[in-house]
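Data block below; observations after.
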Amino acid sequence: MAKTKKQINITVVGLGYIGLPTACLLAKAGNAVYGYDIDDRKLALLKKRETPFQEQGLQKLLGQVIRTKRFTAGKSLQKSDVFLIAVPTPDVNHRADLTFVFQAIHAVIPYLEDDNLVIIESTIPPLACEQHIMPLLEKSGKKVLLSHCPERAIPGSTLREMVENDRIVGGLTPLAAQRTATLYKGFVKGQVYTTSATTAECCKVMENTFRDVNIALANEFAKISDEIGINVWEAIELANKHPRVNIHSPGPGVGGHCIPVDPWFFVGLSKEAKLIHAARTINDAMPAYVVQKVAEQAKKLKISKSVVGVLGVSYKKNVDDARETPATQIIKQLKKRGYRVLVHDPHVKRFSEKISPLKNVLSKSQLIVLVTDHDEYKTINFSKYKNIHRVFDTRNVLQNKKNETIIATLGVPQK
Ligand code: SAJ
């Protein structure tokens with residue numbers, strides 16, 4: 001990597017959904033970025049200037065930063081001014097598993113020098129920097145700076161959000177926060193706020209907890225509406241006309257690598273996290289509720305041992321990301337009840353179940369469950385398929401009049 005006077009050498013550890021776009025943006029901002037990953041498949045794709053996952057605009061940006069030689073990738077580490085860690089922190093028994101973060105830190109320790117800056121982008125539970133990560137870094141014997149800059153981008157609009165969103169930078173020392181903020185200001189157009197590392201850790205988990213609790217409330221409203229016989233979607237739309245009300249949308253459950261995971265960090269930390277715990281439990285129970293509703297439909301139609309087509313397995317619309325998707329539980333529980341399940345998704349290529357062509361699913365199923373509201377499902381004329389007796393729409397996106405008689409919707413009284 002050529003290093004001009006202004007260029008900072010940055011090593012990004014972990015080239016996933018967050019690491020790769022962050023690395024590309026840092027490179028575009030003029031830094032010399034080295035992406036480190038242990039996954040050979042990923043590295044081979046990057047060598048061909050291909051992204052290992054779909055993300056709007058990323059392929060183009062990757063090509064650009066490779067062409068200008070500001071970004072290279074590989075599986076051997078080297079000395080660097082900055083080490084940015086963006087590895088997964090999976091949920092194991094509702095606790096954050098920091099194994100990958102610790103592995104990343106161990107891997108960079110031999111390359112650390114005094115004054116190096118280590119930035120953690122991975123979501124970590126409050127106090128992790130102070131109590132676990134810094135003590136590890138101190139073992140290097142070098143005087144390094146540590147900060148936490150939690151990522152805030154939403155899959156599907158990652159690059160835009162990484163540039164436009166405000167960011168929180170938490171430093172273990174003010175100098176760590178300030179140096180990190182300067183680096184991010186190179187590509188962030190939003191405000192970059194500095195605070196302590198623990199506050200930044202809390203902000204991140206609070207943001208996703210806010211979302212989870214609000215989704216749980218919407219899901220509870222859907223179940224109440226089913227019981228009392230009103231249309232929850234209409235009620236929410238009208239309630240949201242109030243200037244200070246913003247009820248979220250009910251759905252088949254909460255997926256993705258963050259919202260169903262992060263709130264557990266608070267539950268693990270404090271006995272006070274009762275509302276947070278309840279919200280997690282409600283959202284985790286939504287797949288079972290959906291399957292129950294489907295089974296009720298089947299019973300009514302006297303087609304109990306039928307084929308169920310599941311449309312959409314990514315955790316949300318128009319992305320290829322199926323991490324923690326509620327579809328997994330829905331499929332599992334449908335099978336447990338004795339249904340044969342056929343699965344389609346236009347974006348997801350790798351999934352635990354076989355992905356069948358849409359035509360097959362539509363022409364072979366008696367029941368359909370729309371789990372993910374991908375655009376292309378909205379225009380399907382389900383009535384055309386005489387084999388389909390009922391379509392259960394968990395996202396309220398099939399209001400098409402032509403389909404009216406066979407569509408049933410979560411949170412709407414069944415005909
Ligand atoms: N969902 C609902 N109802 C809603 C909104 C979402 O059921 O009203 C479901 C979605 O279908 C999906 C899940 O919740 O299964 C989560 O989707 P999402 O679009 O709300 O969020 P993520 O997980 O894609 O991204 C979140 C974002 N956090 C917040 O909006 C507070 C994003 O900004 C974070 O960067 C990301 O988590 C993360 O990495 O933490």
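Following the order of the structure tokens, chains are lettered A, B, ..., residues in each are numbered from 1, and ligands are numbered from 1.
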
Using only C-alpha atoms and all ligand atoms, tabulate the residues of chain A lying at most 7 Å from any atom of ligand 1, each with its closest atom pair and that distance in Å to one decimal, by chain and increasing residue number, as JSON lines.
```
{"residue": "A:Glu151", "atom": "CA", "partner": "ligand 1", "partner_atom_place_in_ligand_line": "35 (O)", "distance": 5.5}
{"residue": "A:Arg152", "atom": "CA", "partner": "ligand 1", "partner_atom_place_in_ligand_line": "35 (O)", "distance": 3.4}
{"residue": "A:Ala153", "atom": "CA", "partner": "ligand 1", "partner_atom_place_in_ligand_line": "35 (O)", "distance": 3.9}
{"residue": "A:Ile154", "atom": "CA", "partner": "ligand 1", "partner_atom_place_in_ligand_line": "32 (C)", "distance": 4.2}
{"residue": "A:Pro155", "atom": "CA", "partner": "ligand 1", "partner_atom_place_in_ligand_line": "24 (O)", "distance": 5.3}
{"residue": "A:Glu207", "atom": "CA", "partner": "ligand 1", "partner_atom_place_in_ligand_line": "31 (C)", "distance": 4.5}
{"residue": "A:Asn208", "atom": "CA", "partner": "ligand 1", "partner_atom_place_in_ligand_line": "31 (C)", "distance": 4.3}
{"residue": "A:Phe210", "atom": "CA", "partner": "ligand 1", "partner_atom_place_in_ligand_line": "31 (C)", "distance": 6.8}
{"residue": "A:Arg211", "atom": "CA", "partner": "ligand 1", "partner_atom_place_in_ligand_line": "31 (C)", "distance": 5.5}
{"residue": "A:Ile215", "atom": "CA", "partner": "ligand 1", "partner_atom_place_in_ligand_line": "3 (N)", "distance": 5.0}
{"residue": "A:His248", "atom": "CA", "partner": "ligand 1", "partner_atom_place_in_ligand_line": "8 (O)", "distance": 3.8}
{"residue": "A:Ser249", "atom": "CA", "partner": "ligand 1", "partner_atom_place_in_ligand_line": "8 (O)", "distance": 3.6}
{"residue": "A:Pro250", "atom": "CA", "partner": "ligand 1", "partner_atom_place_in_ligand_line": "7 (O)", "distance": 5.2}
{"residue": "A:Gly251", "atom": "CA", "partner": "ligand 1", "partner_atom_place_in_ligand_line": "7 (O)", "distance": 4.4}
{"residue": "A:Pro252", "atom": "CA", "partner": "ligand 1", "partner_atom_place_in_ligand_line": "7 (O)", "distance": 6.6}
{"residue": "A:Gly253", "atom": "CA", "partner": "ligand 1", "partner_atom_place_in_ligand_line": "7 (O)", "distance": 5.7}
{"residue": "A:Val254", "atom": "CA", "partner": "ligand 1", "partner_atom_place_in_ligand_line": "15 (O)", "distance": 3.9}
{"residue": "A:Gly255", "atom": "CA", "partner": "ligand 1", "partner_atom_place_in_ligand_line": "15 (O)", "distance": 3.7}
{"residue": "A:Gly256", "atom": "CA", "partner": "ligand 1", "partner_atom_place_in_ligand_line": "23 (O)", "distance": 4.6}
{"residue": "A:His257", "atom": "CA", "partner": "ligand 1", "partner_atom_place_in_ligand_line": "23 (O)", "distance": 6.1}
{"residue": "A:Cys258", "atom": "CA", "partner": "ligand 1", "partner_atom_place_in_ligand_line": "40 (O)", "distance": 4.5}
{"residue": "A:Ile259", "atom": "CA", "partner": "ligand 1", "partner_atom_place_in_ligand_line": "23 (O)", "distance": 5.2}
{"residue": "A:Tyr315", "atom": "CA", "partner": "ligand 1", "partner_atom_place_in_ligand_line": "15 (O)", "distance": 4.5}
{"residue": "A:Lys316", "atom": "CA", "partner": "ligand 1", "partner_atom_place_in_ligand_line": "11 (O)", "distance": 4.4}
{"residue": "A:Thr325", "atom": "CA", "partner": "ligand 1", "partner_atom_place_in_ligand_line": "15 (O)", "distance": 6.6}
```

Spatial neighbours of A:Asn93, max dist 12 Å, only C-alpha atoms, sep filter under 4 positions, as a ChimeraX atom specification: /A:97,261,264-265,267-268

Quick one: write out the picked residues with all heavy atoms as a PDB file, in the first residue's frame?
```pdb
ATOM      1  N   ASP A  97     -21.417 -13.553  23.003  1.00  0.00           N
ATOM      2  CA  ASP A  97     -20.207 -14.361  22.938  1.00  0.00           C
ATOM      3  C   ASP A  97     -19.105 -13.500  22.304  1.00  0.00           C
ATOM      4  O   ASP A  97     -19.141 -13.216  21.107  1.00  0.00           O
ATOM      5  CB  ASP A  97     -20.498 -15.614  22.100  1.00  0.00           C
ATOM      6  CG  ASP A  97     -19.272 -16.491  21.957  1.00  0.00           C
ATOM      7  OD1 ASP A  97     -18.215 -16.135  22.517  1.00  0.00           O
ATOM      8  OD2 ASP A  97     -19.367 -17.528  21.275  1.00  0.00           O
ATOM      9  N   VAL A 261     -30.922  -9.949  19.470  1.00  0.00           N
ATOM     10  CA  VAL A 261     -29.760 -10.365  20.261  1.00  0.00           C
ATOM     11  C   VAL A 261     -29.414  -9.344  21.351  1.00  0.00           C
ATOM     12  O   VAL A 261     -29.311  -9.672  22.542  1.00  0.00           O
ATOM     13  CB  VAL A 261     -28.529 -10.569  19.325  1.00  0.00           C
ATOM     14  CG1 VAL A 261     -27.287 -10.896  20.123  1.00  0.00           C
ATOM     15  CG2 VAL A 261     -28.812 -11.660  18.292  1.00  0.00           C
ATOM     16  N   TRP A 264     -30.855  -8.845  25.049  1.00  0.00           N
ATOM     17  CA  TRP A 264     -30.460  -9.846  26.052  1.00  0.00           C
ATOM     18  C   TRP A 264     -29.261  -9.381  26.865  1.00  0.00           C
ATOM     19  O   TRP A 264     -29.064  -9.812  28.001  1.00  0.00           O
ATOM     20  CB  TRP A 264     -30.149 -11.201  25.401  1.00  0.00           C
ATOM     21  CG  TRP A 264     -31.357 -11.933  24.892  1.00  0.00           C
ATOM     22  CD1 TRP A 264     -31.626 -12.243  23.592  1.00  0.00           C
ATOM     23  CD2 TRP A 264     -32.448 -12.456  25.665  1.00  0.00           C
ATOM     24  NE1 TRP A 264     -32.818 -12.915  23.503  1.00  0.00           N
ATOM     25  CE2 TRP A 264     -33.343 -13.062  24.761  1.00  0.00           C
ATOM     26  CE3 TRP A 264     -32.761 -12.474  27.031  1.00  0.00           C
ATOM     27  CZ2 TRP A 264     -34.519 -13.685  25.175  1.00  0.00           C
ATOM     28  CZ3 TRP A 264     -33.935 -13.082  27.438  1.00  0.00           C
ATOM     29  CH2 TRP A 264     -34.791 -13.677  26.521  1.00  0.00           C
ATOM     30  N   PHE A 265     -28.429  -8.506  26.282  1.00  0.00           N
ATOM     31  CA  PHE A 265     -27.244  -8.016  27.013  1.00  0.00           C
ATOM     32  C   PHE A 265     -27.688  -7.292  28.282  1.00  0.00           C
ATOM     33  O   PHE A 265     -27.067  -7.414  29.325  1.00  0.00           O
ATOM     34  CB  PHE A 265     -26.394  -7.078  26.158  1.00  0.00           C
ATOM     35  CG  PHE A 265     -25.822  -7.687  24.893  1.00  0.00           C
ATOM     36  CD1 PHE A 265     -25.137  -6.898  23.986  1.00  0.00           C
ATOM     37  CD2 PHE A 265     -25.955  -9.041  24.613  1.00  0.00           C
ATOM     38  CE1 PHE A 265     -24.598  -7.430  22.821  1.00  0.00           C
ATOM     39  CE2 PHE A 265     -25.428  -9.587  23.448  1.00  0.00           C
ATOM     40  CZ  PHE A 265     -24.755  -8.778  22.550  1.00  0.00           C
ATOM     41  N   VAL A 267     -30.613  -7.823  29.775  1.00  0.00           N
ATOM     42  CA  VAL A 267     -31.233  -8.833  30.645  1.00  0.00           C
ATOM     43  C   VAL A 267     -30.139  -9.558  31.438  1.00  0.00           C
ATOM     44  O   VAL A 267     -30.285  -9.811  32.637  1.00  0.00           O
ATOM     45  CB  VAL A 267     -32.085  -9.832  29.812  1.00  0.00           C
ATOM     46  CG1 VAL A 267     -32.669 -10.925  30.694  1.00  0.00           C
ATOM     47  CG2 VAL A 267     -33.205  -9.096  29.074  1.00  0.00           C
ATOM     48  N   GLY A 268     -29.026  -9.840  30.776  1.00  0.00           N
ATOM     49  CA  GLY A 268     -27.907 -10.514  31.441  1.00  0.00           C
ATOM     50  C   GLY A 268     -27.221  -9.628  32.476  1.00  0.00           C
ATOM     51  O   GLY A 268     -26.639 -10.121  33.438  1.00  0.00           O
TER      52      GLY A 268
END
```

Non-local contacts of A:Ala295 (10 Å; only C-alpha atoms; under 3 positions in same chain excluded) as a list in words: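 The neighbour list is Tyr289, Val290, Val291, Gln292, Ala298, Lys299, Lys300, Leu301, Ile303, Ser304, Lys305, Leu334, Arg337, Tyr339 and Leu367 of chain A.
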
Against stretch 160-181 of chain A, which residues of stretch 195-281 of chain A fall within 10 Å? For each one I want the closest pair of atoms and the distance in Å (one decimal), counting only C-alpha atoms, rows by chain and increasing residue number, as a tab-separated table.
```
residue	atom	partner	partner_atom	distance
A:Thr195	CA	A:Gly170	CA	4.6
A:Ser196	CA	A:Gly170	CA	4.4
A:Ala197	CA	A:Gly170	CA	3.8
A:Thr198	CA	A:Gly170	CA	7.0
A:Thr199	CA	A:Gly170	CA	6.7
A:Ala200	CA	A:Gly170	CA	4.9
A:Glu201	CA	A:Gly170	CA	7.7
A:Cys203	CA	A:Ile168	CA	8.1
A:Lys204	CA	A:Ile168	CA	8.6
```

Please, could you write that set of residues out with C-alpha atoms as a compact mmCIF listing (two decimals), in the first residue's frame?
```
# COMPACT_ATOMS: atom_id res chain seq x y z
CA THR A 195 -18.49 10.10 24.96
CA SER A 196 -17.13 7.36 27.21
CA ALA A 197 -16.76 3.79 25.94
CA THR A 198 -19.37 2.43 28.35
CA THR A 199 -21.93 5.08 27.36
CA ALA A 200 -21.37 4.26 23.70
CA GLU A 201 -21.84 0.54 24.44
CA CYS A 203 -26.36 3.63 23.45
CA LYS A 204 -26.01 0.88 20.88
```

Contacts of stretch 76-83 of chain A at 6 Å (only C-alpha atoms; same-chain gap of 6+ positions) as JSON, numbers by chain: {"A": [9, 10, 11, 12, 111, 116, 117, 118]}

Surrounding residues of A:Leu269 excluding itself and chain neighbours under 5 positions, 10 Å, only C-alpha atoms, as a list in words: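 Within the cut-off, the hits are Arg95, Pro125, Pro126, Leu127 and Trp264 of chain A.
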
Backbone-only DSSP, strand (DSSP E) members of stretch 52-262 of chain A, as a PDB file with N, CA, C and O atoms, in the first residue's frame:
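File produced: result-v2.pdb:
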```pdb
ATOM      1  N   PHE A  71      -7.354   0.002  -1.116  1.00  0.00           N
ATOM      2  CA  PHE A  71      -7.850  -1.150  -0.346  1.00  0.00           C
ATOM      3  C   PHE A  71      -7.246  -2.442  -0.867  1.00  0.00           C
ATOM      4  O   PHE A  71      -7.265  -2.720  -2.071  1.00  0.00           O
ATOM      5  N   THR A  72      -6.686  -3.206   0.061  1.00  0.00           N
ATOM      6  CA  THR A  72      -6.245  -4.554  -0.274  1.00  0.00           C
ATOM      7  C   THR A  72      -6.776  -5.474   0.820  1.00  0.00           C
ATOM      8  O   THR A  72      -7.132  -5.011   1.908  1.00  0.00           O
ATOM      9  N   ALA A  73      -6.825  -6.771   0.524  1.00  0.00           N
ATOM     10  CA  ALA A  73      -7.347  -7.699   1.531  1.00  0.00           C
ATOM     11  C   ALA A  73      -6.484  -8.947   1.575  1.00  0.00           C
ATOM     12  O   ALA A  73      -5.871  -9.323   0.581  1.00  0.00           O
ATOM     13  N   GLY A  74      -6.442  -9.585   2.737  1.00  0.00           N
ATOM     14  CA  GLY A  74      -5.665 -10.805   2.860  1.00  0.00           C
ATOM     15  C   GLY A  74      -5.849 -11.440   4.216  1.00  0.00           C
ATOM     16  O   GLY A  74      -6.659 -10.987   5.025  1.00  0.00           O
ATOM     17  N   VAL A  82      -4.040   2.041  12.879  1.00  0.00           N
ATOM     18  CA  VAL A  82      -5.352   1.797  13.480  1.00  0.00           C
ATOM     19  C   VAL A  82      -5.765   0.357  13.207  1.00  0.00           C
ATOM     20  O   VAL A  82      -5.571  -0.153  12.096  1.00  0.00           O
ATOM     21  N   PHE A  83      -6.354  -0.288  14.202  1.00  0.00           N
ATOM     22  CA  PHE A  83      -6.973  -1.609  14.009  1.00  0.00           C
ATOM     23  C   PHE A  83      -8.455  -1.464  14.317  1.00  0.00           C
ATOM     24  O   PHE A  83      -8.818  -1.084  15.437  1.00  0.00           O
ATOM     25  N   LEU A  84      -9.283  -1.725  13.338  1.00  0.00           N
ATOM     26  CA  LEU A  84     -10.726  -1.593  13.535  1.00  0.00           C
ATOM     27  C   LEU A  84     -11.341  -2.995  13.535  1.00  0.00           C
ATOM     28  O   LEU A  84     -11.182  -3.748  12.569  1.00  0.00           O
ATOM     29  N   ILE A  85     -11.965  -3.361  14.631  1.00  0.00           N
ATOM     30  CA  ILE A  85     -12.490  -4.732  14.778  1.00  0.00           C
ATOM     31  C   ILE A  85     -13.983  -4.747  14.452  1.00  0.00           C
ATOM     32  O   ILE A  85     -14.770  -4.055  15.099  1.00  0.00           O
ATOM     33  N   ASP A  91     -25.007 -14.513  19.787  1.00  0.00           N
ATOM     34  CA  ASP A  91     -25.729 -14.699  21.040  1.00  0.00           C
ATOM     35  C   ASP A  91     -25.671 -16.187  21.382  1.00  0.00           C
ATOM     36  O   ASP A  91     -26.075 -17.028  20.597  1.00  0.00           O
ATOM     37  N   VAL A  92     -25.099 -16.513  22.524  1.00  0.00           N
ATOM     38  CA  VAL A  92     -25.082 -17.912  22.948  1.00  0.00           C
ATOM     39  C   VAL A  92     -25.802 -17.977  24.290  1.00  0.00           C
ATOM     40  O   VAL A  92     -25.364 -17.354  25.263  1.00  0.00           O
ATOM     41  N   ARG A  95     -26.421 -14.656  25.895  1.00  0.00           N
ATOM     42  CA  ARG A  95     -25.267 -13.885  26.366  1.00  0.00           C
ATOM     43  C   ARG A  95     -24.424 -13.551  25.142  1.00  0.00           C
ATOM     44  O   ARG A  95     -24.325 -14.370  24.229  1.00  0.00           O
ATOM     45  N   ALA A  96     -23.801 -12.377  25.171  1.00  0.00           N
ATOM     46  CA  ALA A  96     -22.934 -12.015  24.047  1.00  0.00           C
ATOM     47  C   ALA A  96     -21.685 -12.874  24.098  1.00  0.00           C
ATOM     48  O   ALA A  96     -21.005 -12.928  25.115  1.00  0.00           O
ATOM     49  N   LEU A 117      -4.278   2.953  17.616  1.00  0.00           N
ATOM     50  CA  LEU A 117      -5.674   3.115  18.029  1.00  0.00           C
ATOM     51  C   LEU A 117      -6.434   1.826  17.685  1.00  0.00           C
ATOM     52  O   LEU A 117      -6.351   1.348  16.547  1.00  0.00           O
ATOM     53  N   VAL A 118      -7.131   1.265  18.674  1.00  0.00           N
ATOM     54  CA  VAL A 118      -7.963   0.081  18.413  1.00  0.00           C
ATOM     55  C   VAL A 118      -9.427   0.511  18.551  1.00  0.00           C
ATOM     56  O   VAL A 118      -9.819   1.073  19.567  1.00  0.00           O
ATOM     57  N   ILE A 119     -10.190   0.267  17.489  1.00  0.00           N
ATOM     58  CA  ILE A 119     -11.606   0.664  17.495  1.00  0.00           C
ATOM     59  C   ILE A 119     -12.466  -0.603  17.428  1.00  0.00           C
ATOM     60  O   ILE A 119     -12.242  -1.458  16.567  1.00  0.00           O
ATOM     61  N   ILE A 120     -13.423  -0.713  18.318  1.00  0.00           N
ATOM     62  CA  ILE A 120     -14.347  -1.850  18.263  1.00  0.00           C
ATOM     63  C   ILE A 120     -15.646  -1.361  17.630  1.00  0.00           C
ATOM     64  O   ILE A 120     -16.307  -0.471  18.172  1.00  0.00           O
ATOM     65  N   LEU A 145      -4.568   3.078  22.404  1.00  0.00           N
ATOM     66  CA  LEU A 145      -5.820   3.774  22.692  1.00  0.00           C
ATOM     67  C   LEU A 145      -6.965   2.853  22.276  1.00  0.00           C
ATOM     68  O   LEU A 145      -6.865   2.156  21.255  1.00  0.00           O
ATOM     69  N   LEU A 146      -8.051   2.873  23.048  1.00  0.00           N
ATOM     70  CA  LEU A 146      -9.185   1.998  22.717  1.00  0.00           C
ATOM     71  C   LEU A 146     -10.474   2.817  22.672  1.00  0.00           C
ATOM     72  O   LEU A 146     -10.737   3.638  23.547  1.00  0.00           O
ATOM     73  N   SER A 147     -11.269   2.545  21.636  1.00  0.00           N
ATOM     74  CA  SER A 147     -12.580   3.216  21.570  1.00  0.00           C
ATOM     75  C   SER A 147     -13.616   2.253  21.010  1.00  0.00           C
ATOM     76  O   SER A 147     -13.290   1.234  20.396  1.00  0.00           O
ATOM     77  N   HIS A 148     -14.862   2.622  21.253  1.00  0.00           N
ATOM     78  CA  HIS A 148     -15.975   1.838  20.711  1.00  0.00           C
ATOM     79  C   HIS A 148     -16.805   2.762  19.838  1.00  0.00           C
ATOM     80  O   HIS A 148     -17.271   3.806  20.292  1.00  0.00           O
ATOM     81  N   ARG A 167     -22.996   9.492  14.410  1.00  0.00           N
ATOM     82  CA  ARG A 167     -22.286   8.385  15.061  1.00  0.00           C
ATOM     83  C   ARG A 167     -21.912   8.743  16.493  1.00  0.00           C
ATOM     84  O   ARG A 167     -21.679   9.903  16.814  1.00  0.00           O
ATOM     85  N   ILE A 168     -21.847   7.705  17.309  1.00  0.00           N
ATOM     86  CA  ILE A 168     -21.414   7.858  18.694  1.00  0.00           C
ATOM     87  C   ILE A 168     -20.035   7.213  18.816  1.00  0.00           C
ATOM     88  O   ILE A 168     -19.869   6.046  18.452  1.00  0.00           O
ATOM     89  N   VAL A 169     -19.091   7.951  19.321  1.00  0.00           N
ATOM     90  CA  VAL A 169     -17.755   7.416  19.522  1.00  0.00           C
ATOM     91  C   VAL A 169     -17.436   7.457  21.019  1.00  0.00           C
ATOM     92  O   VAL A 169     -17.410   8.525  21.623  1.00  0.00           O
ATOM     93  N   GLY A 170     -17.211   6.302  21.579  1.00  0.00           N
ATOM     94  CA  GLY A 170     -16.904   6.246  23.010  1.00  0.00           C
ATOM     95  C   GLY A 170     -15.452   5.853  23.206  1.00  0.00           C
ATOM     96  O   GLY A 170     -15.013   4.805  22.735  1.00  0.00           O
ATOM     97  N   GLY A 171     -14.707   6.698  23.912  1.00  0.00           N
ATOM     98  CA  GLY A 171     -13.295   6.387  24.128  1.00  0.00           C
ATOM     99  C   GLY A 171     -13.046   5.989  25.563  1.00  0.00           C
ATOM    100  O   GLY A 171     -13.725   6.453  26.470  1.00  0.00           O
ATOM    101  N   VAL A 192     -20.686  13.514  14.555  1.00  0.00           N
ATOM    102  CA  VAL A 192     -19.958  12.467  15.282  1.00  0.00           C
ATOM    103  C   VAL A 192     -19.828  12.944  16.736  1.00  0.00           C
ATOM    104  O   VAL A 192     -19.167  13.946  17.002  1.00  0.00           O
ATOM    105  N   TYR A 193     -20.517  12.262  17.625  1.00  0.00           N
ATOM    106  CA  TYR A 193     -20.532  12.666  19.029  1.00  0.00           C
ATOM    107  C   TYR A 193     -19.538  11.825  19.819  1.00  0.00           C
ATOM    108  O   TYR A 193     -19.459  10.607  19.619  1.00  0.00           O
ATOM    109  N   THR A 194     -18.831  12.454  20.747  1.00  0.00           N
ATOM    110  CA  THR A 194     -17.885  11.681  21.564  1.00  0.00           C
ATOM    111  C   THR A 194     -18.396  11.539  22.996  1.00  0.00           C
ATOM    112  O   THR A 194     -19.063  12.421  23.520  1.00  0.00           O
ATOM    113  N   THR A 195     -18.086  10.395  23.585  1.00  0.00           N
ATOM    114  CA  THR A 195     -18.492  10.104  24.960  1.00  0.00           C
ATOM    115  C   THR A 195     -17.560   9.025  25.518  1.00  0.00           C
ATOM    116  O   THR A 195     -16.533   8.707  24.918  1.00  0.00           O
ATOM    117  N   SER A 196     -17.957   8.437  26.656  1.00  0.00           N
ATOM    118  CA  SER A 196     -17.129   7.360  27.209  1.00  0.00           C
ATOM    119  C   SER A 196     -17.448   6.043  26.492  1.00  0.00           C
ATOM    120  O   SER A 196     -18.522   5.902  25.889  1.00  0.00           O
TER     121      SER A 196
END
```

A:Val412 surroundings by only C-alpha atoms, 9 Å radius, close-in-sequence under 2 positions cut, as a ChimeraX atom specification: /A:222,225-226,229-233,408-410,414

Any chance you could export the current selection's C-alpha atoms as a compact mmCIF listing (two decimals), in the first residue's frame?
```txt
# COMPACT_ATOMS: atom_id res chain seq x y z
CA ALA A 222 -51.93 -7.66 16.65
CA SER A 225 -56.84 -7.30 17.60
CA ASP A 226 -57.18 -10.93 16.50
CA GLY A 229 -61.90 -8.62 15.91
CA ILE A 230 -60.45 -5.37 14.64
CA ASN A 231 -57.87 -4.69 11.94
CA VAL A 232 -54.62 -3.90 13.78
CA TRP A 233 -53.02 -2.28 10.72
CA ALA A 408 -55.76 -13.89 5.58
CA THR A 409 -53.67 -11.33 7.42
CA LEU A 410 -51.98 -11.29 10.82
CA GLN A 414 -60.41 -13.91 9.56
```

Residue set, stretch 14-226 of chain A restricted to helix (DSSP H, G or I), as a VMD selection string: chain A and resid 19 to 28 40 to 47 58 to 67 99 to 111 128 to 138 158 to 164 174 to 184 197 to 226

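Separating atom CA of A:Leu342 from atom CA of A:Ile330 is a distance of 11.9 Å.
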
For stretch 270-276 of chain A: contacts at 8 Å, only C-alpha atoms, fewer than 5 positions along chain excluded, given as a PyMOL selection string: chain A and resi 209+213+263-264

Between atom CA of A:Gln333 and atom CA of A:Lys293 - distance in Å to one decimal: 12.1 Å
